[in-house]
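Raw contents of final-v5.txt, compact mmCIF, C-alpha atoms:
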# COMPACT_ATOMS: atom_id res chain seq x y z
CA MET A 1 0.00 0.00 0.00
CA SER A 2 1.42 3.39 -1.01
CA ARG A 3 1.91 5.92 1.73
CA THR A 4 0.60 9.47 1.40
CA PRO A 5 3.60 11.81 1.16
CA PRO A 6 3.93 14.45 3.90
CA ARG A 7 2.34 17.80 3.20
CA ARG A 8 4.80 20.58 2.28
CA TYR A 9 4.41 24.02 3.86
CA TRP A 10 6.15 27.35 3.42
CA LEU A 11 5.75 29.54 6.51
CA THR A 12 7.15 33.07 6.70
CA GLY A 13 7.95 34.93 9.90
CA ALA A 14 8.70 31.75 11.84
CA SER A 15 11.37 32.98 14.25
CA ASN A 16 9.09 34.18 17.07
CA GLY A 17 5.52 34.76 18.23
CA ILE A 18 2.65 33.03 16.50
CA GLY A 19 4.87 32.08 13.55
CA ALA A 20 7.24 30.06 15.73
CA ALA A 21 4.30 28.41 17.47
CA LEU A 22 2.64 27.61 14.13
CA ALA A 23 5.86 25.99 12.92
CA GLU A 24 5.75 23.64 15.90
CA GLU A 25 2.11 22.73 15.25
CA ILE A 26 2.81 21.99 11.59
CA LEU A 27 5.90 19.88 12.29
CA LYS A 28 4.09 17.83 14.94
CA THR A 29 1.90 16.43 12.16
CA GLY A 30 4.95 15.04 10.35
CA ALA A 31 4.71 17.60 7.55
CA HIS A 32 7.72 19.11 5.80
CA LEU A 33 8.18 22.80 6.43
CA ALA A 34 10.15 25.52 4.67
CA VAL A 35 10.60 28.19 7.34
CA ASN A 36 11.68 31.73 6.75
CA SER A 37 13.13 34.50 8.92
CA ARG A 38 15.90 37.04 8.55
CA SER A 39 18.04 35.11 11.03
CA LEU A 40 19.20 31.55 10.36
CA ALA A 41 19.85 30.64 14.03
CA PRO A 42 16.23 29.95 15.12
CA LEU A 43 15.63 28.00 11.91
CA LYS A 44 18.64 25.77 12.58
CA ALA A 45 17.38 25.14 16.12
CA LEU A 46 14.02 24.10 14.70
CA SER A 47 15.62 21.73 12.18
CA GLN A 48 17.59 20.08 14.98
CA ARG A 49 14.37 19.34 16.87
CA TYR A 50 12.66 17.97 13.76
CA PRO A 51 15.41 16.32 11.68
CA GLY A 52 14.54 15.70 8.06
CA GLN A 53 11.40 17.86 8.14
CA VAL A 54 12.71 21.43 8.03
CA LEU A 55 14.01 23.39 5.06
CA ALA A 56 15.60 26.60 6.37
CA VAL A 57 15.25 29.45 3.86
CA ALA A 58 16.56 32.55 5.60
CA GLY A 59 16.25 35.80 3.70
CA ASP A 60 14.86 39.33 3.59
CA LEU A 61 11.34 39.09 2.19
CA THR A 62 11.32 42.80 1.32
CA ASN A 63 13.99 41.98 -1.27
CA SER A 64 12.22 40.55 -4.32
CA GLN A 65 15.39 38.89 -5.64
CA GLN A 66 15.95 37.05 -2.35
CA VAL A 67 12.33 35.87 -2.37
CA ARG A 68 12.73 34.53 -5.91
CA GLU A 69 15.84 32.65 -4.76
CA ILE A 70 13.89 31.16 -1.83
CA GLY A 71 11.20 29.99 -4.25
CA GLU A 72 13.87 28.43 -6.47
CA GLN A 73 15.40 26.69 -3.45
CA ILE A 74 12.02 25.18 -2.52
CA ALA A 75 11.47 24.13 -6.14
CA ARG A 76 14.84 22.37 -6.27
CA GLN A 77 14.21 20.61 -2.96
CA TRP A 78 10.55 19.63 -3.33
CA GLY A 79 9.42 20.47 -6.86
CA SER A 80 6.10 21.84 -5.60
CA LEU A 81 4.31 23.26 -2.55
CA ASP A 82 1.03 22.36 -0.87
CA THR A 83 0.44 25.19 1.64
CA MET A 84 1.79 28.74 1.86
CA ILE A 85 1.25 30.69 5.10
CA LEU A 86 2.14 34.39 4.88
CA ASN A 87 2.73 35.27 8.51
CA ALA A 88 5.70 37.66 8.37
CA GLY A 89 4.97 41.28 9.18
CA THR A 90 5.73 44.20 11.41
CA CYS A 91 3.80 46.65 13.56
CA GLU A 92 5.15 50.10 14.35
CA TYR A 93 3.14 53.00 15.66
CA VAL A 94 3.08 56.45 14.12
CA ASP A 95 3.42 59.69 16.07
CA VAL A 96 1.30 62.07 14.03
CA ASN A 97 3.01 65.05 15.71
CA GLN A 98 6.33 63.85 14.27
CA LEU A 99 5.11 62.06 11.18
CA ASP A 100 7.91 60.10 9.52
CA SER A 101 6.93 58.79 6.09
CA SER A 102 9.87 56.38 6.11
CA ILE A 103 8.09 54.38 8.84
CA ILE A 104 5.00 54.10 6.65
CA GLU A 105 7.13 53.04 3.70
CA HIS A 106 8.86 50.38 5.82
CA ILE A 107 5.60 48.94 7.13
CA VAL A 108 3.95 48.85 3.71
CA ARG A 109 7.03 47.21 2.19
CA THR A 110 7.18 44.60 4.96
CA ASN A 111 3.49 43.79 5.26
CA LEU A 112 2.21 44.29 1.72
CA LEU A 113 4.97 44.25 -0.89
CA ALA A 114 6.86 41.36 0.71
CA SER A 115 3.66 39.32 0.69
CA SER A 116 3.20 39.99 -3.02
CA TYR A 117 6.78 38.85 -3.68
CA CYS A 118 6.10 35.61 -1.77
CA ILE A 119 2.85 34.94 -3.61
CA GLU A 120 4.61 35.48 -6.93
CA ALA A 121 7.27 32.92 -5.96
CA ALA A 122 4.84 30.43 -4.41
CA ARG A 123 2.04 30.47 -6.97
CA PRO A 124 3.64 28.17 -9.60
CA LEU A 125 4.73 25.80 -6.81
CA LEU A 126 1.19 25.71 -5.42
CA ARG A 127 -0.28 25.04 -8.85
CA ALA A 128 1.89 21.90 -8.96
CA GLY A 129 1.04 20.91 -5.38
CA THR A 130 -1.58 18.66 -3.79
CA ALA A 131 -4.85 20.39 -2.77
CA PRO A 132 -3.00 23.73 -2.59
CA HIS A 133 -3.87 26.24 0.12
CA LEU A 134 -2.74 29.88 0.39
CA VAL A 135 -3.13 31.56 3.80
CA VAL A 136 -2.45 35.20 4.65
CA MET A 137 -2.38 36.75 8.11
CA ALA A 138 -4.20 40.06 7.93
CA SER A 139 -5.35 41.77 11.12
CA SER A 140 -8.45 42.69 13.05
CA VAL A 141 -7.38 46.33 12.74
CA THR A 142 -8.68 46.27 9.17
CA TYR A 143 -12.17 46.35 10.72
CA LEU A 144 -11.78 49.69 12.46
CA PRO A 145 -9.36 52.61 12.80
CA LEU A 146 -7.09 52.56 15.85
CA PRO A 147 -4.89 55.33 17.28
CA GLN A 148 -1.34 55.54 15.87
CA ALA A 149 -2.08 52.74 13.38
CA GLU A 150 -2.13 54.93 10.28
CA ALA A 151 0.52 52.81 8.57
CA TYR A 152 -0.23 49.35 9.96
CA GLY A 153 -4.02 49.52 9.97
CA GLY A 154 -4.54 52.31 7.46
CA ASP A 155 -2.24 51.23 4.64
CA SER A 156 -0.51 47.88 4.86
CA LYS A 157 -3.05 45.44 6.32
CA PRO A 158 -6.16 46.78 4.51
CA GLY A 159 -4.04 46.84 1.36
CA LEU A 160 -3.07 43.24 1.95
CA ARG A 161 -6.71 42.27 2.47
CA HIS A 162 -7.80 44.02 -0.74
CA PHE A 163 -4.94 42.43 -2.69
CA PHE A 164 -5.80 38.98 -1.37
CA GLU A 165 -9.53 39.28 -2.04
CA SER A 166 -8.90 40.47 -5.60
CA LEU A 167 -6.38 37.69 -6.14
CA HIS A 168 -8.94 35.17 -4.93
CA ASN A 169 -11.22 36.11 -7.81
CA ASP A 170 -8.46 36.06 -10.41
CA VAL A 171 -6.88 32.70 -9.49
CA ALA A 172 -10.16 30.81 -9.02
CA PRO A 173 -9.54 28.63 -12.12
CA GLU A 174 -6.26 27.42 -10.58
CA ASN A 175 -8.11 25.67 -7.71
CA ILE A 176 -5.88 27.17 -5.04
CA GLU A 177 -7.93 27.38 -1.84
CA MET A 178 -7.40 30.68 -0.02
CA THR A 179 -7.92 31.77 3.58
CA ILE A 180 -7.49 35.22 5.08
CA VAL A 181 -6.96 35.27 8.85
CA SER A 182 -7.81 38.29 10.99
CA PRO A 183 -6.41 37.71 14.47
CA GLY A 184 -6.45 40.24 17.26
CA LEU A 185 -3.84 40.73 19.95
CA ILE A 186 -1.89 37.95 21.63
CA ASP A 187 0.39 38.04 24.64
CA ILE A 188 3.66 39.04 23.00
CA PRO A 189 5.71 42.26 23.22
CA LEU A 190 4.65 44.73 20.53
CA SER A 191 7.63 47.03 21.02
CA ASN A 192 10.22 48.01 23.60
CA GLU A 193 7.63 50.21 25.27
CA VAL A 194 4.48 48.07 24.93
CA SER A 195 3.83 44.68 26.48
CA LEU A 196 0.51 42.94 26.89
CA ASN A 197 -0.78 40.46 29.44
CA LEU A 198 -3.60 38.66 27.66
CA ASP A 199 -5.27 35.27 27.95
CA TRP A 200 -4.20 34.29 24.44
CA SER A 201 -0.57 33.17 24.29
CA ALA A 202 1.15 32.63 20.95
CA ASP A 203 1.08 28.86 21.53
CA LYS A 204 -2.65 28.83 22.32
CA ALA A 205 -3.45 31.04 19.32
CA ALA A 206 -1.36 28.86 17.00
CA ARG A 207 -3.06 25.64 18.13
CA TYR A 208 -6.50 27.18 17.71
CA LEU A 209 -5.62 28.67 14.33
CA PHE A 210 -4.01 25.54 12.91
CA ASP A 211 -7.01 23.43 13.91
CA LEU A 212 -9.41 25.80 12.11
CA LEU A 213 -7.22 26.11 9.02
CA LYS A 214 -7.68 22.41 8.34
CA HIS A 215 -11.26 23.22 7.30
CA ARG A 216 -10.05 25.94 4.91
CA PRO A 217 -12.58 28.70 5.57
CA LEU A 218 -12.40 31.57 3.13
CA GLU A 219 -12.15 34.02 6.01
CA LEU A 220 -11.10 33.23 9.54
CA PRO A 221 -11.78 36.05 12.01
CA LEU A 222 -10.73 35.13 15.52
CA PRO A 223 -13.26 36.90 17.78
CA GLU A 224 -11.59 35.77 21.00
CA LEU A 225 -8.35 37.43 19.94
CA LEU A 226 -10.26 40.48 18.70
CA MET A 227 -11.91 41.29 22.03
CA PRO A 228 -8.86 43.00 23.61
CA VAL A 229 -8.96 45.43 20.68
CA LEU A 230 -12.67 46.13 20.96
CA TRP A 231 -12.85 46.38 24.76
CA PRO A 232 -11.53 50.00 24.99
CA LEU A 233 -14.04 51.29 22.42
CA PRO A 234 -16.87 52.08 24.88
CA GLN A 235 -14.41 54.27 26.79
CA ASN A 236 -13.61 56.26 23.64
CA PRO A 237 -16.80 58.14 22.69
CA GLY A 238 -15.11 59.64 19.66
CA GLN A 239 -14.69 56.24 18.04
CA THR A 240 -17.20 55.17 15.42
CA GLY A 241 -18.81 51.76 15.43
CA LEU A 242 -17.51 48.80 13.50
CA GLU A 243 -18.27 48.68 9.82
CA ILE A 244 -17.31 45.34 8.34
CA GLY A 245 -17.62 44.89 4.61
CA GLN A 246 -19.36 42.05 2.86
CA ARG A 247 -17.30 38.88 2.96
CA MET A 248 -16.13 37.02 -0.11
CA ALA A 249 -18.33 34.24 -1.40
CA ARG A 250 -17.22 30.79 -2.47
CA ASN A 251 -18.93 28.79 -5.23
CA ASN A 252 -17.73 25.32 -4.24
CA PRO A 253 -17.15 23.76 -0.82
CA PRO A 254 -13.52 23.82 0.32
CA ILE A 255 -11.23 20.80 0.28
CA GLU A 256 -10.29 19.93 3.85
CA ASP A 257 -6.74 18.95 4.72
CA LEU A 258 -6.16 15.25 5.27
CA PRO A 259 -4.57 14.19 8.58
So, in terms of C-alpha cells, how does the structure I just supplied come out?
Amino acid sequence: MSRTPPRRYWLTGASNGIGAALAEEILKTGAHLAVNSRSLAPLKALSQRYPGQVLAVAGDLTNSQQVREIGEQIARQWGSLDTMILNAGTCEYVDVNQLDSSIIEHIVRTNLLASSYCIEAARPLLRAGTAPHLVVMASSVTYLPLPQAEAYGGDSKPGLRHFFESLHNDVAPENIEMTIVSPGLIDIPLSNEVSLNLDWSADKAARYLFDLLKHRPLELPLPELLMPVLWPLPQNPGQTGLEIGQRMARNNPPIEDLP
C-alpha cells in the first residue's frame, strides 16, 4: 500500500511569536516545512528538533530577488508546494506630531509588498502541489481605525486584504484554496515600550488557528483574539462603530486537509 507523502508548507515569519508556534504545530503532524526568517539561528534550532522535516530558507522578504531565490530553493528541494502561510509582518506606531513617512514606507514594504513577492514565488509551486492552500495573516485592525495605526491599519493590512480578495477572484480557475486570517492581539511584546498580558498566548493562538485552518474557511476572524482590541471602544466616545464589509463568497465547498 502506497503511503501518502507528507504535506509541504512554506511559513514566513517563523522565528518568534505566533509564527514560531505555528511551525511547531505543523511539524508535529509530520509535515515538511520551509521556514523563513531574517536570522538563520532559530531556523537551525528548529531543524535540529525535527530532523529531516525542516528546510531553512533565511532571507529578507522585502527583497524581491531574495524571495525569488527562496522559491527556487524550494522548487529544487521539493518540486512543488502544498500550503503557503504568509505570517511575516511588522507593527510600528506612528506619532502624528512627528510624522515620519519612512516608517510608513517600511511597514507597507514589509506587510504588503513582501507578501506579493512571496505569492509570486509560491504560486507556480502551489499550482503543482496537492490540494493547494494559500493563507495570509491580515489583522483585526482592518475592521476599524485605531490610534497611531495609520501605517499598519490604514495602509498595509487593509491593502493586503484588498490584494488577497482580488487575487482570490483572479486565481479561481487554478483551484488554489485561499484563507485570510484576521487575528487580534496575543500576549507578545509589541515594542520596547508596549507589552501585553492577555489570555491568548502565541502557543494557544497557534493551536487554535491551525485546527481551524484544516477546514479551509475563506475568512477566519478570531473573535476571541479580537476582544482585547474592541474592549476599549466604549471608553472612547469619539470612536465610530464597526463597519465590516461584505465577505467574499465561495462557489464550491472547500477541500479539507487530510490528517
> Near Thr110 (chain A), counting all atoms listed in the file, which residues have an atom at most 8 Å away, once you skip same-chain residues fewer than 2 positions from it, shown as an MDAnalysis selection string?
Replying inline: chainID A and resid 61:62 88:90 106:108 112:115
> What is the distance between CA of Ile18 (chain A) and CA of Phe210 (chain A), in Å to one decimal?
Replying inline: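 Those two atoms sit 10.6 Å apart.
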>> Under the rule that all atoms listed in the file are counted, which of A:Met84, A:Ala56, A:Ile119, A:Ile103 is the nearest residue to Ala131 (chain A)?
In response: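 Checking each of A:Met84, A:Ala56, A:Ile119, A:Ile103 against Ala131 (chain A), counting all atoms listed in the file, the winner is A:Met84.
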> If we count all atoms listed in the file, what is near region 52-54 of chain A at a cut-off of 12 Å, once residues fewer than 5 positions away on the same chain are taken out, given as a count of residues only?
Replying inline: 29
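Between Val181 (chain A) and the residues A:Ala202, A:Asn63, A:Arg207, A:Leu134, the shortest atom-to-atom distance, using only C-alpha atoms, involves A:Leu134.
Rounded to one decimal, CA of Glu177 (chain A) and CA of Pro132 (chain A) lie 6.2 Å from each other.
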> Quick one: of A:Val171, A:His162, A:Leu220, A:Leu86, who's nearest to Met137 (chain A), counting only C-alpha atoms?
Replying inline: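 Once distances to Met137 (chain A) are computed over only C-alpha atoms, the minimum belongs to A:Leu86.
Straight-line separation from CA of Asp203 (chain A) to CA of Leu125 (chain A): 28.7 Å.
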> How would you write as a PyMOL selection string the residues that get within 12 Å of (14.0, 36.2, -3.4) in the file's frame, counting all atoms listed in the file?
Replying inline: chain A and resi 36+57-74+114-122
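Summary of the local environment: counting only C-alpha atoms, residues at most 9 Å from Arg127 (chain A), other than itself and those fewer than 4 positions away along its chain, are Ser80, Leu81, Asp82, Ala122, Arg123, Ala131, Pro132, Glu174, Asn175 and Ile176 of chain A.
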> Which of these residues is nearest to Ala21 (chain A), using all atoms listed in the file: A:Gln48, A:Thr4, A:Asn87, A:Asn111?
Replying inline: A:Asn87
Return the padded bounding box of region 170-184 of chain A as lines of an AutoDock Vina configuration file: axis-aligned, built from all atoms listed in the file, 4 Å added on each side, with centre and edge lengths in Å to one decimal.
center_x = -8.0
center_y = 33.0
center_z = 2.6
size_x = 12.3
size_y = 22.6
size_z = 37.4
